[in-house]
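So this one's upload-v4.txt, compact mmCIF, N, CA and C atoms:
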# COMPACT_ATOMS: atom_id res chain seq x y z
N MET A 1 0.82 -1.19 0.00
CA MET A 1 0.00 0.00 0.00
C MET A 1 0.86 1.25 0.00
N ASN A 2 2.05 1.14 0.58
CA ASN A 2 2.97 2.27 0.62
C ASN A 2 3.40 2.68 -0.79
N VAL A 3 3.59 1.69 -1.66
CA VAL A 3 4.01 1.98 -3.04
C VAL A 3 2.90 2.72 -3.78
N ILE A 4 1.66 2.30 -3.57
CA ILE A 4 0.53 2.98 -4.22
C ILE A 4 0.43 4.42 -3.74
N HIS A 5 0.66 4.64 -2.45
CA HIS A 5 0.62 5.99 -1.89
C HIS A 5 1.72 6.86 -2.50
N LEU A 6 2.91 6.30 -2.65
CA LEU A 6 4.01 7.05 -3.25
C LEU A 6 3.75 7.34 -4.73
N ILE A 7 3.13 6.41 -5.43
CA ILE A 7 2.76 6.66 -6.83
C ILE A 7 1.74 7.79 -6.91
N ALA A 8 0.79 7.81 -5.97
CA ALA A 8 -0.20 8.88 -5.93
C ALA A 8 0.46 10.23 -5.66
N VAL A 9 1.47 10.26 -4.81
CA VAL A 9 2.19 11.50 -4.54
C VAL A 9 2.92 11.96 -5.80
N GLY A 10 3.53 11.03 -6.53
CA GLY A 10 4.19 11.38 -7.78
C GLY A 10 3.22 11.90 -8.82
N LEU A 11 2.05 11.25 -8.92
CA LEU A 11 1.02 11.73 -9.85
C LEU A 11 0.48 13.10 -9.44
N LEU A 12 0.38 13.32 -8.14
CA LEU A 12 -0.05 14.63 -7.66
C LEU A 12 0.96 15.71 -8.03
N GLY A 13 2.24 15.39 -7.90
CA GLY A 13 3.28 16.33 -8.33
C GLY A 13 3.20 16.61 -9.82
N LEU A 14 2.95 15.57 -10.61
CA LEU A 14 2.83 15.76 -12.06
C LEU A 14 1.62 16.62 -12.42
N THR A 15 0.49 16.37 -11.76
CA THR A 15 -0.68 17.20 -12.04
C THR A 15 -0.47 18.64 -11.57
N LEU A 16 0.28 18.82 -10.49
CA LEU A 16 0.60 20.19 -10.06
C LEU A 16 1.45 20.92 -11.10
N ILE A 17 2.39 20.20 -11.69
CA ILE A 17 3.22 20.81 -12.74
C ILE A 17 2.35 21.20 -13.93
N LEU A 18 1.46 20.32 -14.35
CA LEU A 18 0.58 20.62 -15.47
C LEU A 18 -0.37 21.78 -15.15
N GLN A 19 -0.89 21.80 -13.93
CA GLN A 19 -1.79 22.87 -13.53
C GLN A 19 -1.06 24.21 -13.44
N THR A 20 0.17 24.19 -13.00
CA THR A 20 0.95 25.42 -12.94
C THR A 20 1.18 25.96 -14.34
N TYR A 21 1.47 25.08 -15.27
CA TYR A 21 1.65 25.50 -16.66
C TYR A 21 0.37 26.14 -17.21
N VAL A 22 -0.75 25.50 -16.94
CA VAL A 22 -2.03 26.02 -17.44
C VAL A 22 -2.36 27.37 -16.81
N VAL A 23 -2.18 27.49 -15.51
CA VAL A 23 -2.53 28.74 -14.82
C VAL A 23 -1.66 29.90 -15.29
N PHE A 24 -0.38 29.65 -15.50
CA PHE A 24 0.49 30.75 -15.91
C PHE A 24 0.47 31.01 -17.42
N LYS A 25 0.03 30.05 -18.22
CA LYS A 25 -0.01 30.26 -19.66
C LYS A 25 -1.30 30.93 -20.12
N TYR A 26 -2.43 30.48 -19.60
CA TYR A 26 -3.72 30.98 -20.05
C TYR A 26 -4.26 32.00 -19.06
N LYS A 27 -4.56 33.18 -19.55
CA LYS A 27 -5.16 34.20 -18.69
C LYS A 27 -6.62 33.86 -18.41
N ASP A 28 -7.28 33.27 -19.41
CA ASP A 28 -8.68 32.88 -19.27
C ASP A 28 -8.76 31.35 -19.39
N LEU A 29 -9.27 30.70 -18.35
CA LEU A 29 -9.33 29.23 -18.36
C LEU A 29 -10.34 28.70 -19.38
N ALA A 30 -11.21 29.56 -19.87
CA ALA A 30 -12.16 29.12 -20.90
C ALA A 30 -11.43 28.79 -22.20
N GLN A 31 -10.24 29.36 -22.42
CA GLN A 31 -9.46 29.07 -23.61
C GLN A 31 -8.82 27.69 -23.56
N PHE A 32 -8.61 27.18 -22.37
CA PHE A 32 -7.98 25.87 -22.20
C PHE A 32 -9.02 24.78 -22.42
N THR A 33 -8.85 23.99 -23.47
CA THR A 33 -9.87 23.02 -23.86
C THR A 33 -9.81 21.72 -23.05
N ARG A 34 -8.70 21.39 -22.46
CA ARG A 34 -8.55 20.13 -21.73
C ARG A 34 -8.70 20.31 -20.21
N ARG A 35 -9.42 21.33 -19.80
CA ARG A 35 -9.58 21.64 -18.39
C ARG A 35 -10.24 20.49 -17.64
N ARG A 36 -11.28 19.93 -18.21
CA ARG A 36 -12.00 18.83 -17.55
C ARG A 36 -11.13 17.59 -17.39
N LEU A 37 -10.33 17.30 -18.39
CA LEU A 37 -9.43 16.14 -18.31
C LEU A 37 -8.41 16.33 -17.20
N LEU A 38 -7.89 17.54 -17.08
CA LEU A 38 -6.92 17.83 -16.02
C LEU A 38 -7.57 17.74 -14.64
N LEU A 39 -8.80 18.19 -14.52
CA LEU A 39 -9.50 18.09 -13.25
C LEU A 39 -9.85 16.65 -12.91
N ILE A 40 -10.17 15.84 -13.91
CA ILE A 40 -10.43 14.42 -13.66
C ILE A 40 -9.15 13.74 -13.16
N CYS A 41 -8.02 14.06 -13.75
CA CYS A 41 -6.74 13.51 -13.29
C CYS A 41 -6.45 13.95 -11.85
N GLN A 42 -6.72 15.21 -11.56
CA GLN A 42 -6.49 15.72 -10.21
C GLN A 42 -7.39 15.01 -9.20
N HIS A 43 -8.66 14.87 -9.50
CA HIS A 43 -9.58 14.23 -8.56
C HIS A 43 -9.25 12.76 -8.36
N SER A 44 -8.91 12.06 -9.44
CA SER A 44 -8.57 10.63 -9.28
C SER A 44 -7.27 10.46 -8.51
N THR A 45 -6.33 11.37 -8.69
CA THR A 45 -5.09 11.31 -7.92
C THR A 45 -5.35 11.54 -6.44
N PHE A 46 -6.19 12.52 -6.12
CA PHE A 46 -6.53 12.75 -4.73
C PHE A 46 -7.30 11.57 -4.14
N LEU A 47 -8.14 10.92 -4.93
CA LEU A 47 -8.87 9.75 -4.45
C LEU A 47 -7.90 8.62 -4.10
N ILE A 48 -6.96 8.33 -4.99
CA ILE A 48 -5.96 7.29 -4.71
C ILE A 48 -5.13 7.66 -3.49
N PHE A 49 -4.76 8.92 -3.40
CA PHE A 49 -3.95 9.44 -2.30
C PHE A 49 -4.66 9.25 -0.96
N VAL A 50 -5.93 9.63 -0.89
CA VAL A 50 -6.68 9.55 0.36
C VAL A 50 -7.00 8.10 0.72
N VAL A 51 -7.42 7.30 -0.25
CA VAL A 51 -7.77 5.90 0.06
C VAL A 51 -6.55 5.11 0.50
N SER A 52 -5.43 5.29 -0.19
CA SER A 52 -4.22 4.56 0.22
C SER A 52 -3.71 5.05 1.58
N GLY A 53 -3.82 6.35 1.82
CA GLY A 53 -3.42 6.89 3.13
C GLY A 53 -4.30 6.35 4.25
N PHE A 54 -5.61 6.26 3.99
CA PHE A 54 -6.51 5.72 5.00
C PHE A 54 -6.23 4.24 5.25
N CYS A 55 -5.92 3.50 4.20
CA CYS A 55 -5.60 2.07 4.37
C CYS A 55 -4.31 1.89 5.19
N MET A 56 -3.32 2.73 4.94
CA MET A 56 -2.08 2.65 5.73
C MET A 56 -2.34 3.05 7.18
N LEU A 57 -3.21 4.03 7.38
CA LEU A 57 -3.57 4.46 8.73
C LEU A 57 -4.32 3.34 9.46
N TYR A 58 -5.20 2.65 8.76
CA TYR A 58 -5.92 1.53 9.34
C TYR A 58 -4.96 0.39 9.70
N ALA A 59 -3.96 0.15 8.85
CA ALA A 59 -2.99 -0.91 9.12
C ALA A 59 -2.16 -0.62 10.36
N LYS A 60 -1.98 0.67 10.67
CA LYS A 60 -1.22 1.06 11.87
C LYS A 60 -2.13 1.23 13.08
N ASN A 61 -3.38 0.80 12.98
CA ASN A 61 -4.36 0.92 14.06
C ASN A 61 -4.56 2.36 14.51
N PHE A 62 -4.46 3.27 13.58
CA PHE A 62 -4.68 4.70 13.79
C PHE A 62 -3.73 5.30 14.83
N LEU A 63 -2.57 4.70 14.99
CA LEU A 63 -1.53 5.27 15.85
C LEU A 63 -0.64 6.14 14.97
N VAL A 64 -0.65 7.44 15.22
CA VAL A 64 0.07 8.36 14.36
C VAL A 64 1.01 9.24 15.18
N GLN A 65 1.99 9.80 14.50
CA GLN A 65 2.88 10.76 15.11
C GLN A 65 2.20 12.13 15.12
N HIS A 66 2.78 13.08 15.85
CA HIS A 66 2.18 14.40 15.95
C HIS A 66 2.23 15.17 14.63
N TRP A 67 3.21 14.91 13.78
CA TRP A 67 3.33 15.63 12.52
C TRP A 67 2.29 15.18 11.50
N PHE A 68 1.62 14.05 11.76
CA PHE A 68 0.57 13.58 10.86
C PHE A 68 -0.58 14.58 10.79
N TYR A 69 -0.91 15.19 11.91
CA TYR A 69 -2.00 16.15 11.94
C TYR A 69 -1.67 17.39 11.11
N VAL A 70 -0.41 17.77 11.11
CA VAL A 70 0.02 18.90 10.28
C VAL A 70 -0.11 18.53 8.80
N LYS A 71 0.23 17.30 8.46
CA LYS A 71 0.08 16.85 7.07
C LYS A 71 -1.37 16.85 6.64
N VAL A 72 -2.27 16.44 7.50
CA VAL A 72 -3.70 16.46 7.16
C VAL A 72 -4.18 17.89 6.96
N LEU A 73 -3.78 18.79 7.84
CA LEU A 73 -4.17 20.19 7.71
C LEU A 73 -3.61 20.79 6.42
N LEU A 74 -2.37 20.49 6.10
CA LEU A 74 -1.78 21.00 4.86
C LEU A 74 -2.41 20.38 3.62
N SER A 75 -2.90 19.16 3.73
CA SER A 75 -3.63 18.55 2.61
C SER A 75 -4.92 19.29 2.35
N VAL A 76 -5.59 19.73 3.40
CA VAL A 76 -6.80 20.54 3.24
C VAL A 76 -6.45 21.87 2.58
N VAL A 77 -5.33 22.48 2.99
CA VAL A 77 -4.87 23.72 2.36
C VAL A 77 -4.57 23.48 0.88
N LEU A 78 -3.93 22.37 0.57
CA LEU A 78 -3.61 22.03 -0.81
C LEU A 78 -4.86 21.91 -1.67
N VAL A 79 -5.85 21.19 -1.17
CA VAL A 79 -7.09 21.00 -1.93
C VAL A 79 -7.83 22.33 -2.10
N SER A 80 -7.93 23.10 -1.03
CA SER A 80 -8.67 24.36 -1.13
C SER A 80 -7.97 25.37 -2.04
N SER A 81 -6.66 25.38 -2.04
CA SER A 81 -5.95 26.31 -2.92
C SER A 81 -6.05 25.87 -4.38
N LEU A 82 -6.11 24.57 -4.63
CA LEU A 82 -6.33 24.11 -6.01
C LEU A 82 -7.75 24.39 -6.49
N ILE A 83 -8.70 24.35 -5.57
CA ILE A 83 -10.06 24.75 -5.93
C ILE A 83 -10.07 26.22 -6.33
N LYS A 84 -9.36 27.03 -5.57
CA LYS A 84 -9.28 28.45 -5.88
C LYS A 84 -8.56 28.68 -7.20
N ALA A 85 -7.55 27.90 -7.48
CA ALA A 85 -6.76 28.11 -8.69
C ALA A 85 -7.52 27.74 -9.95
N PHE A 86 -8.50 26.87 -9.86
CA PHE A 86 -9.19 26.43 -11.06
C PHE A 86 -10.64 26.89 -11.15
N ARG A 87 -10.99 27.90 -10.38
CA ARG A 87 -12.30 28.53 -10.58
C ARG A 87 -12.23 29.40 -11.82
N VAL A 88 -13.29 29.43 -12.56
CA VAL A 88 -13.31 30.18 -13.81
C VAL A 88 -13.58 31.66 -13.56
N ALA A 89 -14.38 31.98 -12.56
CA ALA A 89 -14.87 33.34 -12.37
C ALA A 89 -14.01 34.18 -11.43
N ILE A 90 -12.71 33.93 -11.37
CA ILE A 90 -11.86 34.75 -10.51
C ILE A 90 -10.75 35.37 -11.35
N LEU A 91 -10.03 36.28 -10.73
CA LEU A 91 -8.94 36.98 -11.42
C LEU A 91 -7.73 36.07 -11.61
N PRO A 92 -6.94 36.31 -12.66
CA PRO A 92 -5.73 35.51 -12.88
C PRO A 92 -4.72 35.61 -11.73
N VAL A 93 -4.69 36.75 -11.06
CA VAL A 93 -3.77 36.92 -9.93
C VAL A 93 -4.17 35.98 -8.79
N GLN A 94 -5.46 35.83 -8.57
CA GLN A 94 -5.93 34.92 -7.53
C GLN A 94 -5.64 33.47 -7.90
N ARG A 95 -5.73 33.15 -9.19
CA ARG A 95 -5.38 31.80 -9.65
C ARG A 95 -3.91 31.51 -9.38
N ARG A 96 -3.06 32.46 -9.72
CA ARG A 96 -1.62 32.26 -9.49
C ARG A 96 -1.31 32.13 -8.01
N ALA A 97 -1.97 32.93 -7.18
CA ALA A 97 -1.76 32.82 -5.73
C ALA A 97 -2.20 31.45 -5.22
N GLY A 98 -3.30 30.93 -5.75
CA GLY A 98 -3.76 29.61 -5.35
C GLY A 98 -2.78 28.52 -5.72
N ILE A 99 -2.20 28.60 -6.92
CA ILE A 99 -1.26 27.56 -7.34
C ILE A 99 0.06 27.67 -6.56
N VAL A 100 0.46 28.88 -6.20
CA VAL A 100 1.67 29.04 -5.39
C VAL A 100 1.44 28.48 -4.00
N LEU A 101 0.27 28.74 -3.42
CA LEU A 101 -0.05 28.15 -2.11
C LEU A 101 -0.10 26.62 -2.17
N ALA A 102 -0.61 26.09 -3.26
CA ALA A 102 -0.64 24.64 -3.43
C ALA A 102 0.77 24.07 -3.46
N TRP A 103 1.67 24.73 -4.17
CA TRP A 103 3.06 24.26 -4.21
C TRP A 103 3.72 24.33 -2.85
N ILE A 104 3.48 25.40 -2.11
CA ILE A 104 4.07 25.53 -0.77
C ILE A 104 3.56 24.40 0.13
N ALA A 105 2.26 24.14 0.10
CA ALA A 105 1.70 23.06 0.92
C ALA A 105 2.25 21.70 0.50
N PHE A 106 2.36 21.47 -0.81
CA PHE A 106 2.87 20.19 -1.30
C PHE A 106 4.32 19.97 -0.87
N ILE A 107 5.14 20.99 -0.97
CA ILE A 107 6.55 20.86 -0.58
C ILE A 107 6.68 20.62 0.92
N ILE A 108 5.88 21.30 1.73
CA ILE A 108 5.95 21.09 3.17
C ILE A 108 5.46 19.69 3.55
N ILE A 109 4.40 19.21 2.88
CA ILE A 109 3.91 17.85 3.14
C ILE A 109 4.99 16.82 2.81
N CYS A 110 5.64 16.98 1.66
CA CYS A 110 6.70 16.04 1.28
C CYS A 110 7.88 16.12 2.25
N THR A 111 8.22 17.32 2.70
CA THR A 111 9.32 17.49 3.66
C THR A 111 8.99 16.83 4.99
N LEU A 112 7.77 17.03 5.47
CA LEU A 112 7.37 16.38 6.73
C LEU A 112 7.37 14.87 6.61
N SER A 113 6.95 14.35 5.48
CA SER A 113 6.94 12.90 5.30
C SER A 113 8.34 12.34 5.23
N TRP A 114 9.24 13.10 4.64
CA TRP A 114 10.60 12.61 4.48
C TRP A 114 11.39 12.71 5.78
N THR A 115 11.27 13.82 6.50
CA THR A 115 12.08 14.02 7.70
C THR A 115 11.47 13.39 8.94
N GLN A 116 10.16 13.32 9.03
CA GLN A 116 9.43 12.81 10.18
C GLN A 116 10.00 13.39 11.48
N PRO A 117 9.79 14.70 11.69
CA PRO A 117 10.42 15.39 12.81
C PRO A 117 9.93 14.91 14.17
N ILE A 118 10.83 14.97 15.12
CA ILE A 118 10.50 14.63 16.50
C ILE A 118 10.60 15.92 17.32
N LEU A 119 9.47 16.39 17.81
CA LEU A 119 9.48 17.64 18.56
C LEU A 119 9.69 17.43 20.03
N PHE A 120 9.14 16.35 20.54
CA PHE A 120 9.21 16.10 21.97
C PHE A 120 9.89 14.77 22.24
N ASN A 121 10.91 14.79 23.06
CA ASN A 121 11.59 13.55 23.46
C ASN A 121 11.05 13.18 24.84
N GLY A 122 10.29 12.14 24.85
CA GLY A 122 9.73 11.81 26.15
C GLY A 122 9.11 10.50 26.26

Rendering of file as structure tokens:
Amino acid sequence: MNVIHLIAVGLLGLTLILQTYVVFKYKDLAQFTRRRLLLICQHSTFLIFVVSGFCMLYAKNFLVQHWFYVKVLLSVVLVSSLIKAFRVAILPVQRRAGIVLAWIAFIIICTLSWTQPILFNG
């Protein structure tokens, strides 16, 4: 299940790269004809990501480290900023800010997963 989760993270990174290209290239998202396909890829990636994460959490009997809660909160930030980035009826500046926030959240999530920080020794 860990491999599936890592594949989902890689696919999420790939969709973020594609979404960043679209947001910075097109001022109006109505000009981008493959918008629905990109959103389908994003939603399916998030589905695989969440289901595999929940399965790994279930396998560990829901015993988590303290940094797990930060990852969950940042995942919510990632999803909400991507929603903001792909709304049609907002300004291009707001779209760019949403995609930048998504990248910041994604990088911090990957860093937390890789380092697994220990804040309290006890």

Q | Point-to-point distance from CA of Leu11 (chain A) to atom C of Arg36 (chain A), Å rounded to tenths | A |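 Pair CA of Leu11 (chain A) / atom C of Arg36 (chain A) returns 15.5 Å.
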
Using all atoms listed in the file, I'd like a table of the residues in region 6-78 of chain A that come within 7 Å of region 99-106 of chain A; for each, show the closest atom pair and its distance in Å rounded to one decimal, ordered by chain and ascending number, as JSON lines.
{"residue": "A:Gln19", "atom": "C", "partner": "A:Ile99", "partner_atom": "CA", "distance": 7.0}
{"residue": "A:Thr20", "atom": "CA", "partner": "A:Ile99", "partner_atom": "CA", "distance": 6.4}
{"residue": "A:Leu74", "atom": "C", "partner": "A:Ala105", "partner_atom": "CA", "distance": 5.6}
{"residue": "A:Ser75", "atom": "N", "partner": "A:Ala105", "partner_atom": "C", "distance": 6.6}
{"residue": "A:Val77", "atom": "C", "partner": "A:Ala102", "partner_atom": "CA", "distance": 5.9}
{"residue": "A:Leu78", "atom": "CA", "partner": "A:Ala102", "partner_atom": "CA", "distance": 4.7}

Q: Excluding Ala30 (chain A) and any residue of its chain fewer than 2 positions from it, enumerate the residues within 12 Å of it, using only C-alpha atoms, and give them as a list in words.
A: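 The filter keeps Val22, Val23, Tyr26, Lys27, Asp28, Phe32, Thr33, Arg34, Arg35, Arg36, Phe86, Arg87, Val88, Ala89 and Ile90 of chain A.
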
Q) In Å to one decimal, how far is atom C of Gly98 (chain A) from atom N of Leu18 (chain A)? A)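 Atom-to-atom, atom N of Leu18 (chain A) to atom C of Gly98 (chain A), that is 12.6 Å.
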
Q | Of the listed residues A:Val76, A:Met1, A:Gln94, A:Trp67, that which approaches Pro117 (chain A) most closely, counting all atoms listed in the file | A |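 The answer is A:Trp67, which sits nearest to Pro117 (chain A).
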
Q: Once DSSP has gone over the backbone, tell me which residues of chain A are in alpha helix (DSSP H), as a PyMOL selection string.
A: chain A and resi 2-25+35-59+67-85+92-115

Q: Would you mind reading off the distance between atom N of Lys25 (chain A) and atom C of Cys41 (chain A), one decimal, in Å?
A: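 Atom C of Cys41 (chain A) lies 18.5 Å from atom N of Lys25 (chain A).
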
Q.
Just want the 9 Å neighbourhood of region 112-116 of chain A, counted on only C-alpha atoms, with same-chain residues fewer than 6 positions away dropped. Output as an MDAnalysis selection string.
A. chainID A and resid 65 67:68 70:71
